[in-house]
Each structure stands twice: as C-alpha cells, then as structure tokens.
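Coordinates from start.txt are shown below (compact mmCIF, C-alpha atoms).
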# COMPACT_ATOMS: atom_id res chain seq x y z
CA MET A 1 0.00 0.00 0.00
CA SER A 2 1.39 3.37 -1.03
CA MET A 3 -0.97 5.43 1.18
CA ILE A 4 -3.69 4.95 3.79
CA ILE A 5 -6.19 7.41 5.24
CA ARG A 6 -7.12 7.04 8.90
CA PRO A 7 -8.46 9.19 11.77
CA VAL A 8 -5.95 11.59 13.28
CA ALA A 9 -4.19 10.56 16.52
CA LEU A 10 -2.19 12.44 19.15
CA SER A 11 0.97 10.92 17.70
CA ASP A 12 0.32 13.04 14.59
CA LEU A 13 0.71 16.33 16.48
CA ALA A 14 4.17 17.22 15.16
CA ALA A 15 3.17 16.49 11.56
CA LEU A 16 -0.07 18.45 11.94
CA GLN A 17 1.85 21.42 13.30
CA GLN A 18 4.19 21.24 10.31
CA ILE A 19 1.19 21.17 7.96
CA ALA A 20 -0.14 24.30 9.71
CA VAL A 21 3.17 26.02 8.87
CA GLU A 22 3.33 24.76 5.28
CA SER A 23 -0.28 25.71 4.48
CA GLY A 24 0.35 29.39 5.24
CA PRO A 25 -2.02 32.27 6.13
CA GLY A 26 -5.63 31.87 5.06
CA PHE A 27 -5.86 28.18 5.94
CA THR A 28 -7.96 28.92 8.99
CA SER A 29 -8.77 25.39 10.19
CA LEU A 30 -5.12 24.64 11.03
CA VAL A 31 -2.98 27.19 12.84
CA ASP A 32 0.52 26.84 14.25
CA ASP A 33 -0.58 26.64 17.87
CA ARG A 34 0.31 23.48 19.78
CA ASP A 35 -2.46 23.74 22.39
CA PHE A 36 -5.08 24.44 19.72
CA LEU A 37 -3.94 21.46 17.63
CA ILE A 38 -3.98 19.13 20.64
CA GLN A 39 -7.54 20.24 21.38
CA LYS A 40 -8.50 19.73 17.73
CA ILE A 41 -7.05 16.22 17.65
CA ARG A 42 -8.80 15.24 20.88
CA HIS A 43 -12.09 16.65 19.63
CA SER A 44 -11.74 14.60 16.45
CA MET A 45 -10.93 11.43 18.37
CA ASP A 46 -14.00 12.00 20.56
CA SER A 47 -16.14 12.60 17.47
CA PHE A 48 -15.09 9.33 15.84
CA ASP A 49 -15.79 7.49 19.12
CA ARG A 50 -19.20 9.09 19.62
CA HIS A 51 -22.42 7.21 18.82
CA THR A 52 -24.90 9.66 17.31
CA ASP A 53 -27.87 9.69 14.96
CA THR A 54 -27.91 13.44 14.32
CA PRO A 55 -25.20 15.94 13.35
CA GLY A 56 -23.85 17.92 16.27
CA ASP A 57 -20.54 19.60 17.06
CA GLU A 58 -18.50 16.65 15.79
CA GLY A 59 -15.36 17.35 13.79
CA TYR A 60 -13.74 14.50 11.87
CA LEU A 61 -10.08 14.97 10.96
CA PHE A 62 -8.30 12.41 8.77
CA VAL A 63 -4.62 12.05 7.89
CA LEU A 64 -3.02 10.54 4.80
CA GLU A 65 -0.16 8.27 5.84
CA ASP A 66 2.64 6.53 3.97
CA PRO A 67 2.46 3.12 5.70
CA GLU A 68 6.03 2.23 4.72
CA THR A 69 7.63 5.28 6.36
CA GLY A 70 4.90 6.39 8.76
CA GLU A 71 5.11 9.94 7.37
CA ILE A 72 1.95 12.06 7.25
CA MET A 73 1.38 13.21 3.67
CA GLY A 74 -1.67 15.42 4.19
CA THR A 75 -4.93 15.96 5.96
CA THR A 76 -8.63 16.39 5.27
CA GLY A 77 -11.72 16.87 7.44
CA ILE A 78 -15.46 17.24 7.93
CA GLU A 79 -17.42 19.42 10.35
CA ALA A 80 -20.80 17.82 11.06
CA SER A 81 -22.75 21.02 11.82
CA VAL A 82 -21.17 24.47 11.49
CA GLY A 83 -22.18 27.71 13.15
CA ILE A 84 -23.52 26.04 16.30
CA ARG A 85 -20.69 26.46 18.82
CA ARG A 86 -19.66 29.80 17.28
CA PRO A 87 -21.30 31.84 14.52
CA LEU A 88 -20.31 31.20 10.92
CA TYR A 89 -20.37 34.44 8.94
CA HIS A 90 -20.39 35.05 5.20
CA TYR A 91 -21.01 37.91 2.84
CA HIS A 92 -23.79 37.38 0.30
CA ARG A 93 -23.44 39.07 -3.07
CA SER A 94 -26.66 40.62 -4.31
CA GLN A 95 -27.96 43.67 -6.14
CA VAL A 96 -29.94 46.66 -5.00
CA VAL A 97 -31.89 48.83 -7.40
CA HIS A 98 -32.02 52.61 -7.01
CA HIS A 99 -34.90 53.84 -9.15
CA SER A 100 -36.62 57.19 -9.49
CA PRO A 101 -39.51 57.07 -12.01
CA GLU A 102 -39.96 60.84 -11.72
CA LEU A 103 -36.37 61.49 -12.76
CA ASN A 104 -36.22 58.48 -15.07
CA LEU A 105 -33.08 57.24 -13.32
CA LEU A 106 -32.27 53.58 -12.69
CA ARG A 107 -29.09 52.07 -11.30
CA ARG A 108 -28.28 48.53 -10.17
CA LEU A 109 -25.50 48.21 -7.62
CA GLU A 110 -23.78 45.14 -6.16
CA VAL A 111 -23.71 44.89 -2.37
CA LEU A 112 -22.28 42.48 0.20
CA ASN A 113 -24.51 41.64 3.18
CA MET A 114 -23.18 39.83 6.23
CA CYS A 115 -25.24 36.74 7.13
CA ASN A 116 -25.30 33.34 8.88
CA HIS A 117 -26.92 31.50 5.98
CA TYR A 118 -25.09 28.18 6.40
CA THR A 119 -25.73 27.62 10.11
CA GLY A 120 -26.35 23.91 10.73
CA CYS A 121 -24.86 22.69 7.44
CA SER A 122 -22.03 20.15 7.25
CA GLU A 123 -18.70 21.36 5.93
CA ILE A 124 -15.84 19.59 4.19
CA CYS A 125 -12.61 21.32 5.13
CA THR A 126 -8.92 21.15 6.08
CA LEU A 127 -7.77 19.65 2.77
CA PHE A 128 -4.01 19.97 2.40
CA LEU A 129 -1.52 17.77 0.57
CA ARG A 130 2.06 18.49 1.58
CA PRO A 131 4.22 19.64 -1.36
CA ARG A 132 6.79 16.84 -1.21
CA PHE A 133 4.05 14.17 -1.18
CA ARG A 134 2.17 15.34 -4.28
CA ARG A 135 1.89 12.06 -6.15
CA ALA A 136 -0.69 10.36 -8.32
CA HIS A 137 -4.15 9.98 -6.74
CA ALA A 138 -3.18 11.43 -3.32
CA GLY A 139 -5.30 14.56 -3.78
CA LYS A 140 -8.19 12.53 -5.18
CA LEU A 141 -8.17 10.27 -2.14
CA LEU A 142 -8.05 13.20 0.30
CA SER A 143 -11.05 14.78 -1.39
CA ARG A 144 -13.19 11.73 -2.11
CA VAL A 145 -12.67 9.91 1.18
CA ARG A 146 -14.88 12.44 2.96
CA PHE A 147 -17.79 11.65 0.66
CA LEU A 148 -17.36 7.90 1.13
CA PHE A 149 -17.38 8.38 4.91
CA MET A 150 -20.50 10.54 4.66
CA ALA A 151 -22.20 8.04 2.35
CA GLN A 152 -21.58 5.29 4.89
CA HIS A 153 -22.71 7.38 7.89
CA PRO A 154 -25.33 9.84 6.51
CA GLN A 155 -27.10 10.18 9.87
CA ARG A 156 -24.05 12.04 11.19
CA PHE A 157 -24.36 14.85 8.64
CA ALA A 158 -26.75 17.56 7.46
CA GLU A 159 -28.70 17.57 4.20
CA THR A 160 -26.57 20.44 2.84
CA VAL A 161 -22.79 20.23 2.60
CA ILE A 162 -20.59 23.28 2.03
CA ALA A 163 -16.94 23.95 1.29
CA GLU A 164 -15.26 27.30 1.87
CA MET A 165 -12.65 27.79 -0.83
CA ARG A 166 -9.49 29.70 -0.12
CA GLY A 167 -9.57 33.17 -1.65
CA ILE A 168 -6.84 35.32 -3.16
CA SER A 169 -3.80 36.14 -1.03
CA ASP A 170 -0.10 36.34 -1.85
CA ALA A 171 2.89 34.44 -0.49
CA GLY A 172 3.45 37.19 2.06
CA GLY A 173 -0.02 36.75 3.51
CA GLN A 174 -1.59 39.85 1.97
CA SER A 175 -5.23 39.69 0.83
CA PRO A 176 -6.45 42.51 -1.46
CA PHE A 177 -9.99 42.18 -0.12
CA TRP A 178 -8.89 42.26 3.51
CA ASP A 179 -6.48 45.14 2.85
CA TRP A 180 -9.47 47.29 1.89
CA LEU A 181 -11.50 46.19 4.93
CA ARG A 182 -8.51 46.76 7.19
CA THR A 183 -8.04 50.31 5.92
CA HIS A 184 -11.64 51.27 6.66
CA PHE A 185 -12.83 49.03 9.51
CA VAL A 186 -10.55 46.56 11.33
CA ASP A 187 -6.89 47.48 11.74
CA LEU A 188 -5.53 43.93 12.03
CA ASP A 189 -3.29 42.22 9.49
CA PHE A 190 -4.58 39.26 7.48
CA SER A 191 -2.38 36.67 9.21
CA THR A 192 -3.58 37.79 12.64
CA VAL A 193 -7.24 37.75 11.60
CA THR A 194 -7.09 34.28 10.04
CA ARG A 195 -5.23 32.94 13.07
CA MET A 196 -7.86 34.38 15.43
CA VAL A 197 -10.70 32.88 13.39
CA GLY A 198 -8.91 29.54 13.16
CA THR A 199 -8.57 29.28 16.94
CA GLY A 200 -12.22 30.23 17.50
CA ASP A 201 -11.62 33.83 18.56
CA ASN A 202 -14.12 35.47 16.21
CA GLY A 203 -15.96 37.77 18.60
CA PHE A 204 -14.36 40.74 16.87
CA ILE A 205 -16.56 40.07 13.83
CA ALA A 206 -19.73 41.16 15.61
CA ASP A 207 -17.87 44.00 17.34
CA LEU A 208 -15.85 45.53 14.51
CA MET A 209 -16.96 44.27 11.10
CA PRO A 210 -19.44 46.47 9.21
CA ARG A 211 -23.01 45.26 9.63
CA HIS A 212 -24.53 47.42 6.90
CA PRO A 213 -24.32 46.45 3.21
CA LEU A 214 -20.98 47.09 1.52
CA TYR A 215 -21.33 48.70 -1.91
CA THR A 216 -18.63 47.00 -3.96
CA HIS A 217 -18.30 49.89 -6.42
CA LEU A 218 -16.88 51.92 -3.53
CA MET A 219 -14.03 49.42 -3.07
CA ASP A 220 -10.70 49.78 -4.83
CA GLU A 221 -10.29 47.71 -7.97
CA ASP A 222 -7.89 45.20 -6.37
CA ALA A 223 -10.40 44.33 -3.66
CA ARG A 224 -13.40 44.27 -5.98
CA THR A 225 -11.86 41.97 -8.61
CA VAL A 226 -10.98 39.15 -6.17
CA ILE A 227 -14.52 38.75 -4.80
CA GLY A 228 -15.57 35.16 -5.45
CA GLN A 229 -12.14 34.17 -6.83
CA VAL A 230 -10.07 31.23 -5.54
CA HIS A 231 -6.39 30.98 -4.69
CA PRO A 232 -4.40 29.49 -7.61
CA HIS A 233 -3.47 26.46 -5.49
CA THR A 234 -7.16 25.89 -4.76
CA ARG A 235 -8.39 25.75 -8.36
CA PRO A 236 -7.91 21.97 -8.70
CA ALA A 237 -9.86 21.41 -5.47
CA LEU A 238 -12.68 23.64 -6.73
CA ALA A 239 -12.77 21.85 -10.09
CA MET A 240 -13.04 18.52 -8.29
CA LEU A 241 -15.93 19.76 -6.14
CA GLU A 242 -17.74 21.18 -9.16
CA ALA A 243 -17.44 17.74 -10.79
CA GLU A 244 -19.10 16.37 -7.65
CA GLY A 245 -22.06 18.73 -8.11
CA PHE A 246 -21.09 21.64 -5.82
CA ARG A 247 -22.18 25.11 -6.93
CA HIS A 248 -21.47 28.67 -5.83
CA ASN A 249 -24.58 30.65 -4.88
CA GLY A 250 -23.10 34.03 -4.09
CA TYR A 251 -21.72 33.50 -0.56
CA VAL A 252 -18.10 34.55 0.05
CA ASP A 253 -15.65 34.59 2.94
CA LEU A 254 -15.48 37.67 5.17
CA PHE A 255 -11.70 37.99 5.00
CA ASP A 256 -10.41 36.99 1.57
CA ALA A 257 -13.78 36.88 -0.32
CA GLY A 258 -13.17 33.30 -1.48
CA PRO A 259 -16.34 31.51 -2.69
CA THR A 260 -18.33 29.02 -0.64
CA VAL A 261 -19.82 26.16 -2.68
CA GLU A 262 -22.68 23.87 -1.66
CA ALA A 263 -24.48 20.65 -2.58
CA ARG A 264 -27.15 18.38 -1.17
CA LEU A 265 -25.48 15.40 0.49
CA ALA A 266 -27.61 12.89 -1.43
CA ASP A 267 -26.73 14.57 -4.74
CA ILE A 268 -22.95 14.57 -4.34
CA ARG A 269 -21.65 12.38 -7.12
CA SER A 270 -19.29 10.29 -4.99
CA VAL A 271 -22.06 9.73 -2.45
CA SER A 272 -24.75 8.72 -4.92
CA THR A 273 -22.50 6.49 -7.04
CA SER A 274 -20.57 4.78 -4.24
CA ILE A 275 -21.33 1.12 -3.63
CA GLY A 276 -21.62 -0.77 -0.36
CA CYS A 277 -20.99 -4.50 -0.76
CA ARG A 278 -19.62 -7.67 0.83
CA ILE A 279 -15.97 -8.55 0.47
CA GLN A 280 -14.14 -11.76 -0.26
CA ILE A 281 -10.52 -11.90 0.82
CA VAL A 282 -8.36 -13.79 -1.67
CA ASP A 283 -4.66 -14.59 -1.91
CA ASP A 284 -4.41 -12.75 -5.20
CA VAL A 285 -6.77 -11.11 -7.67
CA ARG A 286 -6.24 -12.40 -11.20
CA PRO A 287 -8.84 -10.74 -13.43
CA THR A 288 -10.09 -13.15 -16.08
CA LEU A 289 -12.60 -10.87 -17.77
CA GLU A 290 -11.18 -8.70 -20.52
CA GLU A 291 -13.77 -6.05 -19.69
CA TRP A 292 -12.30 -5.81 -16.21
CA ASN A 293 -8.67 -6.22 -17.10
CA ARG A 294 -8.61 -3.74 -20.01
CA GLY A 295 -5.25 -4.74 -21.34
CA GLY A 296 -3.68 -5.43 -17.98
CA GLN A 297 -4.65 -2.14 -16.33
CA GLY A 298 -7.07 -2.72 -13.48
CA ARG A 299 -9.83 -0.29 -12.55
CA LEU A 300 -8.88 2.33 -10.02
CA LEU A 301 -11.02 2.18 -6.87
CA ALA A 302 -11.21 4.31 -3.75
CA ILE A 303 -12.05 1.82 -0.99
CA THR A 304 -13.02 2.31 2.67
CA ASN A 305 -14.07 0.07 5.47
CA THR A 306 -17.35 0.94 7.21
CA GLU A 307 -15.96 1.75 10.66
CA THR A 308 -15.76 5.10 12.44
CA ALA A 309 -12.94 5.17 15.03
CA ASP A 310 -11.19 2.35 13.13
CA PHE A 311 -11.81 3.92 9.71
CA ARG A 312 -9.35 3.15 6.90
CA ALA A 313 -9.28 4.05 3.18
CA THR A 314 -6.99 3.77 0.18
CA VAL A 315 -6.83 3.87 -3.63
CA THR A 316 -6.04 0.64 -5.46
CA SER A 317 -6.35 -1.19 -8.75
CA ALA A 318 -5.77 -4.57 -7.07
CA ALA A 319 -9.42 -5.29 -6.17
CA ARG A 320 -12.18 -6.64 -8.43
CA TYR A 321 -15.92 -5.97 -8.22
CA LEU A 322 -18.38 -8.71 -9.21
CA PRO A 323 -21.67 -6.83 -9.72
CA ALA A 324 -23.79 -9.96 -10.18
CA HIS A 325 -22.89 -10.95 -6.61
CA ASN A 326 -22.37 -7.41 -5.21
CA LEU A 327 -19.01 -8.72 -4.08
CA LEU A 328 -15.59 -7.08 -4.00
CA GLN A 329 -12.60 -9.41 -4.16
CA VAL A 330 -9.74 -7.96 -2.11
CA PRO A 331 -6.16 -9.29 -1.81
CA SER A 332 -5.24 -10.34 1.70
CA ALA A 333 -2.53 -7.68 2.12
CA LEU A 334 -4.97 -4.93 1.11
CA ALA A 335 -7.67 -6.34 3.42
CA LYS A 336 -5.24 -6.32 6.33
CA SER A 337 -4.25 -2.69 5.76
CA LEU A 338 -7.94 -1.65 5.66
CA HIS A 339 -8.84 -3.77 8.71
CA LEU A 340 -11.31 -5.85 6.68
CA ARG A 341 -12.58 -9.30 7.56
CA ASN A 342 -13.79 -11.96 5.17
CA ASP A 343 -17.49 -11.63 4.25
CA GLY A 344 -17.52 -8.20 5.89
CA VAL A 345 -18.73 -4.97 4.31
CA VAL A 346 -16.81 -2.36 2.33
CA ARG A 347 -17.70 0.83 0.46
CA PHE A 348 -16.01 1.91 -2.74
CA MET A 349 -16.29 4.19 -5.73
CA GLU A 350 -14.63 3.87 -9.09
CA LEU A 351 -12.37 6.60 -10.35
CA ALA A 352 -11.28 6.92 -13.95
CA THR A 353 -9.48 3.81 -15.23
CA GLN A 354 -5.74 3.88 -15.71
CA ASN A 355 -6.23 4.74 -19.40
CA GLY A 356 -8.83 7.40 -18.63
CA ALA A 357 -11.88 5.53 -19.97
CA LEU A 358 -15.20 5.62 -18.14
CA THR A 359 -16.49 2.34 -16.76
CA THR A 360 -19.76 0.82 -15.65
CA ALA A 361 -19.32 -0.33 -12.06
CA THR A 362 -20.13 3.26 -11.06
CA THR A 363 -20.18 6.56 -12.90
CA ALA A 364 -16.57 7.67 -12.75
CA ILE A 365 -15.49 11.30 -12.54
CA PRO A 366 -14.17 12.33 -15.98
CA LEU A 367 -10.39 12.32 -16.19
CA ARG A 368 -10.21 15.98 -17.26
CA GLN A 369 -11.73 16.88 -13.87
CA GLN A 370 -9.35 14.64 -11.89
CA GLN A 371 -6.65 17.25 -11.19
CA GLU A 372 -4.95 16.76 -7.87
CA ALA A 373 -6.35 18.80 -5.01
CA ILE A 374 -3.71 20.75 -3.10
CA HIS A 375 -5.52 22.78 -0.47
CA ALA A 376 -8.74 24.60 0.19
CA HIS A 377 -9.98 27.15 2.69
CA ARG A 378 -10.44 26.25 6.35
Now, as a test, write the supplied structure out as structure tokens.
Amino acid sequence: MSMIIRPVALSDLAALQQIAVESGPGFTSLVDDRDFLIQKIRHSMDSFDRHTDTPGDEGYLFVLEDPETGEIMGTTGIEASVGIRRPLYHYHRSQVVHHSPELNLLRRLEVLNMCNHYTGCSEICTLFLRPRFRRAHAGKLLSRVRFLFMAQHPQRFAETVIAEMRGISDAGGQSPFWDWLRTHFVDLDFSTVTRMVGTGDNGFIADLMPRHPLYTHLMDEDARTVIGQVHPHTRPALAMLEAEGFRHNGYVDLFDAGPTVEARLADIRSVSTSIGCRIQIVDDVRPTLEEWNRGGQGRLLAITNTETADFRATVTSAARYLPAHNLLQVPSALAKSLHLRNDGVVRFMELATQNGALTTATTAIPLRQQQEAIHAHR
C-alpha cells in the first residue's frame, strides 16, 4: 500500500503542526498553535468514538499516511454542523436597485450583506496535501474519502454540505480584499485575523466588522476583482468539487472573499454512485474478464471500510468488483491494511481507469476533472 487514510491521533501532532506552517495564512482550520492542535485532535478522536444519529458539534479529521515510512502526507476533514458552537459568517453578493420614475433614473449596484446563511450545514474542510508528497491519486483520495465516509454514515451529517474555498492572497499573507477592509474598519493584518478565526476567537466580527451592506463599487479595484475568486493552489480542489455537483450561490468569505460552494449530500456524485458490498478476501486477484482487465490495467477504486474510530481508506487497482454478486474481491494484504474481515462490508467508488476511460461499475469522474487537489480554505 502506497498510502492509507485514517483518523488523526495524538501521535500526529508534530506532523499536523508542520502542515499548519506549510499551508500558510488563510488556511484557517489549522494554525501553528500546539495547544489548539492538541484540542483539535482530541475533539476529532472523541467525534469518531461518539455514537450519534444526528449531526452535532463533531469534527472529523483524517490524515493521509505513507504506511512504509509512517510519514503524514496530508490531511482532510469534515465538520458535522457548522455555526452552532460559534457563529459562521459570510457575505452574500446581491444587487440593490435605485430607481426614481420621476427622474427616469435607474441604477443597479452590487452589495455584500453579512449573514449566517449556512448555520447547521455540514462542511468539508482542512484539505491539504504536503508539497513533497504530491503524487498520483493522493489529492483525489483526500477529497473523495470524505464523501465515502458521509455516504456510509449519513445520519451524522446535514442535508446540505458546504466547502469554503481559499480566496486570493499572496505568499506574504496579503489579501487585497482584507487590505481594503482593514483600511476602513478593522486594523488587524490578514495573518492575525485568520489565526484568530482559526482558533475560535471570532468575537471581533460582531464588534468591529461592518453590519450594513458594503457597496462594492466603492471598493478599490484590487479588492473588488478578487470577490468570489479562488487561490491558484485551490483551483484543482474547486474543479473537483464542481465535478461532484457543488455550486457557488453568491456567498463569500469575510476575510479573503473566497467563494463558498454547496451541494445536497444525497446529490454529491461520490455519495450517490458509491457502492456498499460484501468482500471476499483472496490470496491474489487475477482478473479473467477482458472487460475488467482492459489490457492489464485494473480499474482504479477508492475503498473504505465501514468503521468510524477504526476507519481506513486507500486507492487501489488490485481489487475486483463482481456486480452480479455485489461482491468485492480484495487481496489479503490490502484487506489487512484496511482492517477488513472476510465476508464483511466495504464501500467503494470507481475513479477513472488507468487509461482514462469511463467504466460501468459506477459513474466515474471524468479524467479531465481529476486534477490533484492541493488545499482549500479552512
């Protein structure tokens, strides 16, 4: 196995702190604060251990591990219900019309209104693949594994799922949108603001941020043009989510104006096309059907067990699905790494095949939309 995804553990603290450094300003769900990260890990461990039938304050944090070296390659996460413990704020882009029939004057103006529209929704977040571990399928696994976990445990999540995409900022931590807000309203630098929000200290939003509509035509051009735009490193992650069915409906982040995208849980492509089936552990998988084998290149599957605290996932082409029996044949070494038992249950989805063709076990995501995710907001 080249990589395994599992729940985060306290032993991952040093790696998680390094990821917080590598991800840079704007990645608000991980900050370089040891006490905060310990609390986050413990909260995740408690969430995985918790038995629940409704989404609450659970936060599920996964790590991508190289099982041969034990190194942590990246991280990804899910918040079960946002805006409950602390408010979740966005700006909503809309238009106001100023019209005087007597003077025959009409003008439409774009405004940003602060709101709590997504309170109670589930959020996918904390996606970051470390630069030196950017290899084939790692980003796909980090992104898709969340949907497979949600498909297996839908009672733990809300009907609507959101993702806050990282907005425009430079390598020095400067955000054009925030620079304008800082000049007129909150005299704190972008790195400080994102760190405060990441550690849960967001009371200043209600105290200092403007509550009245912001007319975007009054902003400078640099601030106005980045509204709804994503960080260059985040474009692959956004493309992958759009392929899953996520759409932007005008809600943007308060600090860098990055877009928030949303989808109904049941409509997310990886959720609706994933398959739950029995497994058969075999010594080796030797495909005999040409349709399966496709010239010696097996189908690429993202596979998870159905556990919570003992959750495991990977990407492999070494397993074979028998749809007539709803049975997945899994080599013994792969079964061991995923903590699977013979005649147990597994969930999987099919990615594009090695040669990029679409297949019939599930509806695969088109290869052109399979760019590797690097990182996204929060």
With distances taken over only C-alpha atoms, the candidate from A:Ile84, A:Val315, A:Met196, A:Ala151 nearest Cys121 of chain A is A:Ile84
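Excluding Arg182 of chain A itself and any same-chain residue fewer than 3 positions from it, the protein and nucleic acid residues within 12 Å of it, counting only C-alpha atoms, are Gln174, Ser175, Pro176, Phe177, Trp178, Asp179, Phe185, Val186, Asp187, Leu188, Asp189, Phe190, Ser191, Thr192, Val193, Leu208, Met209, Pro210, Met219, Ala223, Leu254, Phe255 and Asp256 of chain A.
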Between A:Leu88, A:Ala138, A:Ala20, A:Ile279, which is the closest to Thr119 of chain A once you count only C-alpha atoms?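 Among A:Leu88, A:Ala138, A:Ala20, A:Ile279, it is A:Leu88 that comes nearest to Thr119 of chain A.
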Between A:Arg299, A:His184, A:Arg341, A:Arg278, which residue has the minimum interatomic distance to His325 of chain A, considering only C-alpha atoms? A:Arg278
With only C-alpha atoms as the counted atoms, please give the residues lying no more than 10 Å from segment 5-9 of chain A, apart from itself and same-chain residues fewer than 4 positions off, as a PyMOL selection string. chain A and resi 13+16+38+40-42+44-45+48+60-67+72-77+138+141-142+145+304+308-315+338
For Val97 of chain A, work out the shell of residues within 10 Å, counting all atoms listed in the file and skipping chain neighbours fewer than 4 positions away, then give it as a list in words.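 Using all atoms listed in the file, the neighbours found are Leu106, Arg107, Arg108, Leu109 and Glu110 of chain A.
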All residues 8 Å or closer to Val271 of chain A, all atoms listed in the file, same chain fewer than 4 positions away omitted, as a list in words: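 So the residues in contact are Phe147, Leu148, Met150, Ala151, Leu265, Ala266 and Asp267 of chain A.
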Report, in Å to a single decimal, how far apart atom CA of Pro331 of chain A and atom CA of Arg135 of chain A are.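 If I compute the distance from atom CA of Arg135 of chain A to atom CA of Pro331 of chain A, I get 23.2 Å.
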Distance of atom CA of Arg130 of chain A from atom CA of Ser23 of chain A, expressed in Å to one decimal place: 8.1 Å
With distances taken over all atoms listed in the file, which of A:Ala335, A:Val96, A:Leu30, A:Leu105 is nearest to Asp283 of chain A? A:Ala335
Best match for closeness to Gly245 of chain A among A:Thr183, A:Ser169, A:Thr160, A:Ser81, counting all atoms listed in the file: A:Thr160
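Of the listed residues (A:Asp253, A:Arg347, A:Arg144, A:Leu218), A:Arg144 comes nearest to Arg269 of chain A; the distances count all atoms listed in the file.
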Atom CA of Ile205 of chain A to atom CA of Leu241 of chain A, distance in Å rounded to a single decimal: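 Taking atom CA of Ile205 of chain A as the start and atom CA of Leu241 of chain A as the end point, the length is 28.5 Å.
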Protein/DNA/RNA residues near (-20.6, 24.3, 2.6), cut 8 Å, all atoms listed in the file, as number ranges by chain: A: 118, 121-124, 160-164, 260-263
Would you put the residues from that selection into a file with C-alpha atoms, as an mmCIF file, in the coordinates of the input?
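This went into part-v1.cif:
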data_model
loop_
_atom_site.group_PDB
_atom_site.id
_atom_site.type_symbol
_atom_site.label_atom_id
_atom_site.label_comp_id
_atom_site.auth_asym_id
_atom_site.auth_seq_id
_atom_site.Cartn_x
_atom_site.Cartn_y
_atom_site.Cartn_z
ATOM 1 C CA TYR A 118 -25.090 28.180 6.400
ATOM 2 C CA CYS A 121 -24.860 22.690 7.440
ATOM 3 C CA SER A 122 -22.030 20.150 7.250
ATOM 4 C CA GLU A 123 -18.700 21.360 5.930
ATOM 5 C CA ILE A 124 -15.840 19.590 4.190
ATOM 6 C CA THR A 160 -26.570 20.440 2.840
ATOM 7 C CA VAL A 161 -22.790 20.230 2.600
ATOM 8 C CA ILE A 162 -20.590 23.280 2.030
ATOM 9 C CA ALA A 163 -16.940 23.950 1.290
ATOM 10 C CA GLU A 164 -15.260 27.300 1.870
ATOM 11 C CA THR A 260 -18.330 29.020 -0.640
ATOM 12 C CA VAL A 261 -19.820 26.160 -2.680
ATOM 13 C CA GLU A 262 -22.680 23.870 -1.660
ATOM 14 C CA ALA A 263 -24.480 20.650 -2.580
#
Write out as a ChimeraX atom specification each polymer residue whose atoms come within 8 Å of segment 153-156 of chain A, counting only C-alpha atoms; drop sequence neighbours fewer than 2 positions from it. /A:52-56,80,149-151,158
